[in-house]
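Visitor: Just dropping this structure here.
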2 protein chains.
Amino acid sequence: MVRPSSRDAILRVFAEHVADRGYAETSLADVAAELGLSKGTILHHFGSKEAVLGEVHVTYFGRRFAEADYVRAHLPDPTSRLVAMIYALLAAHRDDRAASLTCLRELVRYFEGDLREFVRTQRVRYTGIVVDILREGVAAGEFRTTDPGLTALHVFGMCNYAWTWYRPDGPQSVEQIAGVFARDILQGLRTGPGADDLDAVLTEAVRVVRRTPARLPG
Amino acid sequence: MVRPSSRDAILRVFAEHVADRGYAETSLADVAAELGLSKGTILHHFGSKEAVLGEVHVTYFGRRFAEADYVRAHLPDPTSRLVAMIYALLAAHRDDRAASLTCLRELVRYFEGDLREFVRTQRVRYTGIVVDILREGVAAGEFRTTDPGLTALHVFGMCNYAWTWYRPDGPQSVEQIAGVFARDILQGLRTGPGADDLDAVLTEAVRVVRRTPARLPG
DNA sequence: CGTAACTGACCGCACGTTCAGTCAGCAATG
DNA sequence: CATTGCTGACTGAACGTGCGGTCAGTTACG
């Protein structure tokens with residue numbers, strides 16, 4: 001066991017366990033055993049279980065920021081950049097699986113405890129990257145959206161929720177999925193002239209849903 | 001304590017705890033204490049902690065199916081129905097908060113253990129409802145999408161991921177959020193003639209992302 | 001030799017589950 | 001009406017287990 005790489009190995013195996021079982025169900029003893037180490041070694045390197053989780057988050061977002069910077073530097077227009085970000089988020093599910101799942105399914109974990117502030121900063125910054133792409137697209141006349149902030153959340157939801165259904169050996173490749181999502185969100189589902197009467201449709205939809213009997217608990 | 005309603009009360013408080021803390025961090029003793037009951041009572045009614053979680057899922061999906069059936073019965077066209085489903089999913093975050101969060105953030109929990117089969121059935125059925133709306137929309141010439149199954153997952157991601165950011169006291173109402181999401185997905189972000197060259201854009205995006213240095217762990 | 005990686009026994013604790021038993025309500029019995 | 005017996009909600013003490021974390025001590029590299 002080459003020593004200075006123990007940290008990386010611990011991070012890797014820990015993320016895999018959390019991805020497969022969940023944080024609470026991941027025991028440091030199991031992780032250590034898989035690496036031929038003792039539980040104490042992990043605590044020696046990281047101080048606490050929570051700190052290991054935090055480190056996974058930090059390194060994961062480091063990779064995503066590198067990606068986003070590279071995209072910004074090498075693609076000129078908002079449309080290309082947005083498509084690239086959609087692809088990047090989906091590809092991370094395949095190419096950076098353990099850390100992706102860890103950061104997505106244990107998200108709440110990061111909102112409490114000591115990690116909170118630093119993690120929040122990383123997330124806000126990442127959101128900002130997509131919001132900026134959307135704003136620049138609107139300014140350039142390429143995009144239309146009434147609220148870039150919400151549209152960014154739409155994009156994140158669409159991509160990040162993939163952790164609940166994406167399987168590397170599934171029927172579609174990441175490239176195909178990204179293609180469908182990009183097409184959906186860029187050109188829209190409507191064939192016709194669009195949603196001029198969308199306000200009326202929404203109002204009626206709200207009315208119907210609210211009227212549903214037995215819609216609420218209790 | 002009116003007796004036969006103990007079950008419902010346990011279900012309610014249990015879901016609130018899971019929504020706020022997570023499943024593993026929810027202790028039956030805490031739930032019981034909040035209701036003025038003993039831990040044993042909960043086990044008496046449900047048999048195990050896992051069974052309580054399963055019951056929350058079943059009742060939650062019962063409400064969502066009631067909603068979906070009502071929408072289908074009272075709205076005639078695919079566009080209206082799709083908008084209504086988007087609104088329903090988002091509104092559940094506000095009006096059925098505890099159970100929504102429980103089912104979304106503890107999703108993996110349902111894929112293992114005894115609950116698996118029944119829960120999977122409910123989820124597949126719900127997905128099918130949206131897939132059908134999309135297929136009917138394509139058949140009627142209202143919608144275009146290359147893959148209704150993936151587009152349905154797009155819709156679910158967009159809506160369900162809201163559990164990570166939606167707050168009832170946030171700046172936007174559920175109705176406003178649903179409006180932005182519906183507009184985004186129906187008319188698309190592109191102002192121009194659409195994405196005729198989207199394949200080329202995607203290919204280039206894939207190329208750039210893949211070239212990113214330090215994109216992968218290790 | 002110094003330093004840092006690493007060990008392994010140990011601690012305290014919180015949890016889900018078990019189980020023998022209490023008690024109120026209720027229907028049938030005489 | 002009084003008695004009996006049953007049912008099912010509910011209790012609370014006890015149990016076993018597995019966990020994260022501590023720490024004094026050992027090893028081995030530079």
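Quick note on naming: the chains in the structure tokens go A, B, ... in the order shown, residues restart at 1 in each chain, and ligands are numbered from 1 in order of appearance.
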With chain D as the partner and 10 Å as the cut-off, tabulate the residues of chain A that qualify, each row holding the nearest pair of atoms and their distance in Å to one decimal, using only C-alpha atoms (C1' of nucleotides), sorted by chain and rising number, as JSON lines.
Guide:
```
{"residue": "A:Arg3", "atom": "CA", "partner": "D:DC29", "partner_atom": "C1'", "distance": 9.9}
{"residue": "A:Ala24", "atom": "CA", "partner": "D:DC19", "partner_atom": "C1'", "distance": 9.8}
{"residue": "A:Glu25", "atom": "CA", "partner": "D:DC19", "partner_atom": "C1'", "distance": 9.8}
{"residue": "A:Thr26", "atom": "CA", "partner": "D:DC19", "partner_atom": "C1'", "distance": 10.0}
{"residue": "A:Ser27", "atom": "CA", "partner": "D:DC19", "partner_atom": "C1'", "distance": 7.4}
{"residue": "A:Leu28", "atom": "CA", "partner": "D:DG20", "partner_atom": "C1'", "distance": 8.2}
{"residue": "A:Ala29", "atom": "CA", "partner": "D:DC19", "partner_atom": "C1'", "distance": 9.2}
{"residue": "A:Lys39", "atom": "CA", "partner": "D:DG20", "partner_atom": "C1'", "distance": 9.7}
{"residue": "A:Gly40", "atom": "CA", "partner": "D:DG21", "partner_atom": "C1'", "distance": 8.9}
{"residue": "A:Leu43", "atom": "CA", "partner": "D:DG21", "partner_atom": "C1'", "distance": 8.1}
{"residue": "A:Gly47", "atom": "CA", "partner": "D:DG21", "partner_atom": "C1'", "distance": 9.1}
{"residue": "A:Ser48", "atom": "CA", "partner": "D:DG21", "partner_atom": "C1'", "distance": 7.9}
{"residue": "A:Lys49", "atom": "CA", "partner": "D:DG20", "partner_atom": "C1'", "distance": 7.5}
```
Visitor: Using only C-alpha atoms (C1' of nucleotides), which residues of chain A come within 10 Å of chain C, and what is the closest atom pair for each, with the distance in Å to one decimal? Give it as CSV, sorted by chain and residue number.
Guide:
```
residue,atom,partner,partner_atom,distance
A:Arg3,CA,C:DA5,C1',7.3
A:Pro4,CA,C:DA5,C1',9.0
A:Ser6,CA,C:DA5,C1',9.5
A:Leu37,CA,C:DC6,C1',8.1
A:Ser38,CA,C:DT7,C1',6.7
A:Lys39,CA,C:DT7,C1',9.0
A:Gly40,CA,C:DT7,C1',7.3
A:Thr41,CA,C:DC6,C1',6.0
A:Ile42,CA,C:DC6,C1',9.6
A:His44,CA,C:DC6,C1',8.5
A:His45,CA,C:DA5,C1',9.0
```
Visitor: Return the neighbours of chain A among the residues of chain B, cut-off 6 Å, counting only C-alpha atoms, as JSON, numbers by chain.
Guide: {"B": [63, 67, 80, 84, 142, 143, 144, 154, 157, 158, 161, 185, 186, 187, 188, 189, 190, 191, 194, 201, 205, 212, 215]}
Visitor: Between atom CA of Val13 of chain B and atom CA of Leu115 of chain A, what is the distance, to one decimal in Å?
Guide: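 So the answer is 28.0 Å.
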Visitor: Would you please extract all alpha helix (DSSP H) residues from segment 7-207 of chain B, as assigned by DSSP on the backbone, and give them as a PyMOL selection string?
Guide: chain B and resi 7-21+28-35+39-46+49-74+78-95+97-105+116-139+148-160+174-187+198-207
Visitor: Could you state the separation of atom CA of His57 of chain A and atom CA of Ala32 of chain A in Å, given to one decimal place?
Guide: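 Atom-to-atom, atom CA of His57 of chain A to atom CA of Ala32 of chain A, that is 19.7 Å.
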Visitor: Using Å and a single decimal, report how far atom CA of Ile129 of chain B sits from atom CA of Pro78 of chain B.
Guide: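 Atom-to-atom, atom CA of Pro78 of chain B and atom CA of Ile129 of chain B are spaced 11.3 Å apart.
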Visitor: Using only C-alpha atoms (C1' of nucleotides), which residues sit within 9 Å of Phe61 of chain B once same-chain residues fewer than 6 positions away are excluded, as number ranges by chain?
Guide: B: 122-123, 126
